[in-house]
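Structure first, commentary second.
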Amino acid sequence: MASTPPIIARSGNARPNAPSPPAQAPLTLDLLTHVLSRTLFHPFLAALLPLCLRALAAPYTSTSFILTSAFAIGVCLYRVLQGVNTRLAYGAPRKISWADEVVVITGGVGGLGGCLAEIFALRGVGVAVLDVEVAPRWAQAEGLAKGPADGEEEEGVRYYYCDVGDYEQVERMWVRIVKDVGTPTVLINNAAVVNAKGLMEQSGEEVERTFRINTLSHYHLNKLFLRPVLEKLSHGGTIVTVSSVLGHLGAAHLSAYTASKAALLAYHASLTSELASEAPQVKTILVAPGQLDTQMFGNIKLRGWSRNFFGPVAGAGEVAIKIVEMIDRGEGGVVSEPAYARWIAWLGVLPVGLQRMAKSWAGTDDAFAGDVRKSSKDAG
């Protein structure tokens, strides 16, 4: 007789075993929009269209000249308004001097956090990682340490064993980070855990643990981060909140995870508004990606060409680069990859029936249902 299906916990902290990239990238919506934004919809190239027509002696009153001029004006105006919108929404960028920056990343042993740690370390920035995947001191003493060890520095990154859901541990580690690396100026709240279980199979402790790590840790860490930034550092700092596209969508068998990530969307909006009026030198960045090529959702595969076209798996390295670029510019904003993640909020505008049809086509509700059934069979 099959026993109760075990918890399927995937942490974004685990080192990914990503497959080798294909020799030729498949055609996706992201690739298409990327090419178009740098060709037809690039302001410079769009402006060349009416100029080329004039070079061919096309009259100003010709339909082709009027249409290409309107297109060029629209493309250029869109780019200008993008910059205006960013300035109105997030204020003037803060000044970045990487020689004075200290970055703290939760869940930074692997996955997205690991990519960020490596990028910052290559720039010579002080980087501290909080993660339960770091070997604690007792494991080192007994010769059981695997991977990075607590308090040790590897390739420019200093690692600390810490359960970010335990506030007392977080406080102790924060004191060590300030002593060892310096006062943090960039905080990336990335650590997360996911339990693929139906509502009736989840214990109260599992639900509470999910919220402690995925949501409440942001409250604790941000308070520790903001106090010295507001009191001592005139150049401010940056807070990065890593949520998920599932915070908008929801998914069967992921009620605790999706609720914890949805809470971060509201928390980030409130925090951004509060800091904009009280501490404009502190910038906030929301990261709400779709599926990444990490171990957390590594065994979830989309089915069919059309689903892979509209909802490809995003590379953790690509998302990390976009986050670093935004921090480097001293700006606040939103990073959402792949392309559908930037538009997913519009799904909520549709009638509920159409939303159900869209989710059924995407297969989001079936992905983890199959995962749980497989685990139940394997446990029998």
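Chain identifiers are assigned as A, B, and so on, following the order in which chains appear in the structure tokens; residues are numbered from 1 within each chain, and ligands are numbered from 1 in order of appearance.
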Give the helix (DSSP H, G or I) residues of stretch 4-191 of chain A, as DSSP finds them on the backbone, and put them as a PyMOL selection string. chain A and resi 29-37+43-55+63-90+98-100+111-122+137-141+167-180
10 Å contact set for A:Ala269, only C-alpha atoms, chain neighbours under 4 positions out, as a count of residues only: 6
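All residues of stretch 209-347 of chain A that DSSP, run on the backbone, classes as strand (DSSP E or B) are Gly237, Thr238, Ile239, Val240, Thr241, Val242, Val282, Lys283, Thr284, Ile285, Leu286, Val287, Leu292, Ala314, Gly333, Val334 and Val335 of chain A.
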Resulting file, chosen residues, C-alpha atoms, as a tab-separated table (two decimals), in the first residue's frame:
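Result went into part.tsv, see below:
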```tsv
chain	number	residue	atom	x	y	z
A	237	GLY	CA	21.10	51.48	-0.79
A	238	THR	CA	19.13	48.99	-2.85
A	239	ILE	CA	16.63	46.33	-1.76
A	240	VAL	CA	15.80	43.52	-4.18
A	241	THR	CA	12.64	41.48	-3.59
A	242	VAL	CA	12.51	38.17	-5.46
A	282	VAL	CA	16.93	53.75	-1.08
A	283	LYS	CA	15.89	52.03	-4.32
A	284	THR	CA	13.69	48.97	-4.57
A	285	ILE	CA	13.70	46.34	-7.30
A	286	LEU	CA	11.02	43.68	-7.74
A	287	VAL	CA	12.04	40.45	-9.49
A	292	LEU	CA	14.03	29.48	-14.22
A	314	ALA	CA	14.37	31.70	-18.46
A	333	GLY	CA	12.21	49.00	-11.12
A	334	VAL	CA	10.87	45.60	-12.06
A	335	VAL	CA	12.71	42.66	-13.63
```
Can you tell me which residues surround A:Ala251 at a distance of at most 12 Å, considering only C-alpha atoms, apart from same-chain residues fewer than 2 positions away, and format the answer as a PyMOL selection string? chain A and resi 196-199+244-249+253-259+261-262+356+359-360+362-369
Limited to N, CA, C and O atoms, could you put the picked residues into a file as a CSV table (one decimal), in the first residue's frame?
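Final output, saved to again.csv:
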```
chain,number,residue,atom,x,y,z
A,196,ALA,N,5.5,21.0,-2.8
A,196,ALA,CA,4.5,20.6,-3.8
A,196,ALA,C,3.5,19.6,-3.2
A,196,ALA,O,3.7,18.4,-3.2
A,197,LYS,N,2.5,20.1,-2.5
A,197,LYS,CA,1.5,19.3,-1.8
A,197,LYS,C,0.2,19.9,-2.0
A,197,LYS,O,0.0,21.1,-2.0
A,198,GLY,N,-0.8,19.0,-2.0
A,198,GLY,CA,-2.2,19.5,-2.0
A,198,GLY,C,-2.5,20.1,-0.6
A,198,GLY,O,-1.8,19.9,0.4
A,199,LEU,N,-3.6,20.9,-0.6
A,199,LEU,CA,-3.9,21.6,0.7
A,199,LEU,C,-4.1,20.7,1.9
A,199,LEU,O,-3.6,21.0,2.9
A,244,SER,N,7.7,35.9,-7.7
A,244,SER,CA,7.5,34.9,-8.7
A,244,SER,C,6.2,35.2,-9.5
A,244,SER,O,5.3,35.8,-9.0
A,245,VAL,N,6.2,34.8,-10.8
A,245,VAL,CA,5.0,35.0,-11.6
A,245,VAL,C,3.9,34.2,-11.0
A,245,VAL,O,2.7,34.6,-11.3
A,246,LEU,N,4.2,33.2,-10.3
A,246,LEU,CA,3.1,32.4,-9.6
A,246,LEU,C,2.4,33.2,-8.6
A,246,LEU,O,1.3,32.8,-8.2
A,247,GLY,N,2.9,34.3,-8.1
A,247,GLY,CA,2.2,35.2,-7.2
A,247,GLY,C,1.0,35.8,-7.9
A,247,GLY,O,0.1,36.2,-7.2
A,248,HIS,N,1.1,36.0,-9.2
A,248,HIS,CA,-0.1,36.5,-10.0
A,248,HIS,C,-1.0,35.3,-10.4
A,248,HIS,O,-2.2,35.5,-10.3
A,249,LEU,N,-0.4,34.2,-10.8
A,249,LEU,CA,-1.2,33.1,-11.3
A,249,LEU,C,-1.9,32.2,-10.3
A,249,LEU,O,-3.0,31.9,-10.4
A,253,HIS,N,-1.7,22.7,-5.9
A,253,HIS,CA,-0.7,22.0,-5.1
A,253,HIS,C,0.5,22.9,-4.8
A,253,HIS,O,1.5,22.4,-4.4
A,254,LEU,N,0.3,24.2,-4.9
A,254,LEU,CA,1.3,25.2,-4.5
A,254,LEU,C,0.7,26.3,-3.7
A,254,LEU,O,1.2,27.5,-3.8
A,255,SER,N,-0.3,26.1,-2.9
A,255,SER,CA,-1.0,27.1,-2.2
A,255,SER,C,-0.1,27.9,-1.3
A,255,SER,O,-0.2,29.2,-1.3
A,256,ALA,N,0.7,27.3,-0.5
A,256,ALA,CA,1.6,28.0,0.4
A,256,ALA,C,2.6,28.8,-0.3
A,256,ALA,O,2.9,30.0,0.0
A,257,TYR,N,3.2,28.2,-1.3
A,257,TYR,CA,4.3,28.9,-2.1
A,257,TYR,C,3.7,30.2,-2.8
A,257,TYR,O,4.3,31.3,-2.7
A,258,THR,N,2.6,29.9,-3.6
A,258,THR,CA,2.0,31.1,-4.3
A,258,THR,C,1.5,32.2,-3.4
A,258,THR,O,1.6,33.3,-3.7
A,259,ALA,N,0.9,31.8,-2.3
A,259,ALA,CA,0.4,32.8,-1.3
A,259,ALA,C,1.6,33.6,-0.8
A,259,ALA,O,1.5,34.8,-0.6
A,261,LYS,N,4.5,34.2,-2.2
A,261,LYS,CA,5.0,35.0,-3.2
A,261,LYS,C,4.1,36.2,-3.6
A,261,LYS,O,4.5,37.3,-3.9
A,262,ALA,N,2.8,35.9,-3.5
A,262,ALA,CA,1.8,37.0,-3.8
A,262,ALA,C,1.9,38.0,-2.7
A,262,ALA,O,1.7,39.2,-2.9
A,356,ARG,N,-9.4,30.6,-16.6
A,356,ARG,CA,-9.3,29.1,-16.4
A,356,ARG,C,-8.8,28.5,-17.7
A,356,ARG,O,-8.0,27.5,-17.6
A,359,LYS,N,-5.1,29.1,-18.1
A,359,LYS,CA,-4.3,28.3,-17.2
A,359,LYS,C,-4.3,26.8,-17.6
A,359,LYS,O,-3.3,26.1,-17.5
A,360,SER,N,-5.5,26.4,-18.1
A,360,SER,CA,-5.6,25.0,-18.5
A,360,SER,C,-4.7,24.7,-19.7
A,360,SER,O,-4.0,23.7,-19.8
A,362,ALA,N,-2.0,26.4,-20.5
A,362,ALA,CA,-0.6,26.5,-20.1
A,362,ALA,C,-0.1,25.3,-19.2
A,362,ALA,O,1.1,25.0,-19.2
A,363,GLY,N,-1.1,24.6,-18.6
A,363,GLY,CA,-0.8,23.5,-17.8
A,363,GLY,C,-0.2,23.7,-16.5
A,363,GLY,O,0.4,22.8,-15.9
A,364,THR,N,-0.4,25.0,-15.9
A,364,THR,CA,0.2,25.3,-14.6
A,364,THR,C,-0.4,24.5,-13.5
A,364,THR,O,0.3,24.1,-12.5
A,365,ASP,N,-1.7,24.1,-13.6
A,365,ASP,CA,-2.4,23.4,-12.5
A,365,ASP,C,-2.0,21.9,-12.6
A,365,ASP,O,-2.1,21.2,-11.6
A,366,ASP,N,-1.6,21.4,-13.7
A,366,ASP,CA,-1.3,20.0,-13.9
A,366,ASP,C,0.2,19.7,-13.5
A,366,ASP,O,0.5,18.5,-13.3
A,367,ALA,N,1.0,20.7,-13.6
A,367,ALA,CA,2.5,20.4,-13.5
A,367,ALA,C,2.8,19.7,-12.2
A,367,ALA,O,3.5,18.7,-12.2
A,368,PHE,N,2.4,20.3,-11.1
A,368,PHE,CA,2.8,19.7,-9.8
A,368,PHE,C,1.8,18.6,-9.4
A,368,PHE,O,2.2,17.8,-8.5
A,369,ALA,N,0.6,18.5,-9.9
A,369,ALA,CA,-0.3,17.4,-9.6
A,369,ALA,C,0.4,16.1,-10.1
A,369,ALA,O,0.4,15.1,-9.3
```
Near-stretch 118-125 of chain A list (10 Å; only C-alpha atoms; drop same-chain fewer than 2 positions) as a PDB file with C-alpha atoms, in the first residue's frame:
```
ATOM      1  CA  SER A  97      30.499  53.327  -6.223  1.00  0.00           C
ATOM      2  CA  TRP A  98      31.278  49.622  -6.240  1.00  0.00           C
ATOM      3  CA  ALA A  99      34.349  50.177  -4.097  1.00  0.00           C
ATOM      4  CA  ASP A 100      31.999  51.180  -1.264  1.00  0.00           C
ATOM      5  CA  GLU A 101      29.220  48.657  -1.869  1.00  0.00           C
ATOM      6  CA  VAL A 102      28.586  45.513   0.169  1.00  0.00           C
ATOM      7  CA  VAL A 103      26.068  42.985  -1.137  1.00  0.00           C
ATOM      8  CA  GLY A 108      23.100  32.491  -2.733  1.00  0.00           C
ATOM      9  CA  VAL A 109      24.828  29.109  -2.924  1.00  0.00           C
ATOM     10  CA  GLY A 110      23.261  28.221  -6.282  1.00  0.00           C
ATOM     11  CA  GLY A 113      21.391  33.842  -5.990  1.00  0.00           C
ATOM     12  CA  GLY A 114      24.536  31.953  -6.953  1.00  0.00           C
ATOM     13  CA  CYS A 115      24.695  33.714 -10.316  1.00  0.00           C
ATOM     14  CA  LEU A 116      24.339  37.097  -8.618  1.00  0.00           C
ATOM     15  CA  VAL A 127      29.593  39.721  -1.080  1.00  0.00           C
ATOM     16  CA  ALA A 128      28.026  37.852   1.829  1.00  0.00           C
ATOM     17  CA  GLU A 154      35.626  31.363  -1.683  1.00  0.00           C
ATOM     18  CA  GLU A 155      36.387  33.292  -4.874  1.00  0.00           C
ATOM     19  CA  GLY A 156      35.464  36.623  -3.332  1.00  0.00           C
ATOM     20  CA  VAL A 157      32.216  35.451  -1.666  1.00  0.00           C
ATOM     21  CA  ARG A 158      31.934  34.950   2.100  1.00  0.00           C
ATOM     22  CA  VAL A 181      32.618  42.464   5.188  1.00  0.00           C
ATOM     23  CA  GLY A 317      22.193  33.943 -15.507  1.00  0.00           C
ATOM     24  CA  ALA A 320      20.887  37.931 -12.797  1.00  0.00           C
ATOM     25  CA  ILE A 321      22.540  40.152 -15.410  1.00  0.00           C
ATOM     26  CA  VAL A 324      22.896  43.722 -11.724  1.00  0.00           C
TER      27      VAL A 324
END
```
Surrounding residues of A:Asp131 excluding itself and chain neighbours under 6 positions, 9 Å, only C-alpha atoms, as a PDB file with C-alpha atoms, in the first residue's frame:
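The new file selection39.pdb reads:
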```
ATOM      1  CA  ASN A  13      19.571  27.757  -2.891  1.00  0.00           C
ATOM      2  CA  ILE A 105      22.302  37.654  -0.835  1.00  0.00           C
ATOM      3  CA  THR A 106      20.007  35.160   0.846  1.00  0.00           C
ATOM      4  CA  GLY A 107      19.933  31.742  -0.811  1.00  0.00           C
ATOM      5  CA  GLY A 108      23.100  32.491  -2.733  1.00  0.00           C
ATOM      6  CA  VAL A 109      24.828  29.109  -2.924  1.00  0.00           C
ATOM      7  CA  TYR A 159      29.410  32.310   3.149  1.00  0.00           C
ATOM      8  CA  TYR A 160      27.350  32.096   6.342  1.00  0.00           C
ATOM      9  CA  TYR A 161      25.192  29.213   7.503  1.00  0.00           C
ATOM     10  CA  CYS A 162      21.810  30.757   8.312  1.00  0.00           C
ATOM     11  CA  ASP A 163      18.141  29.827   8.232  1.00  0.00           C
ATOM     12  CA  VAL A 164      16.609  33.145   7.189  1.00  0.00           C
ATOM     13  CA  ALA A 191      15.912  32.555  -0.452  1.00  0.00           C
TER      14      ALA A 191
END
```
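Across the structure, atom CA of A:Leu88 and atom CA of A:Leu275 are spaced 14.1 Å apart.
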If you measure from atom CA of A:Leu27 to atom CA of A:Phe309, what distance in Å do you get, rounded to one decimal? 6.5 Å
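When only C-alpha atoms are used to compute distances to A:Arg94, the closest of the residues A:Ala252, A:Leu354, A:Leu233, A:Leu40 turns out to be A:Leu233.
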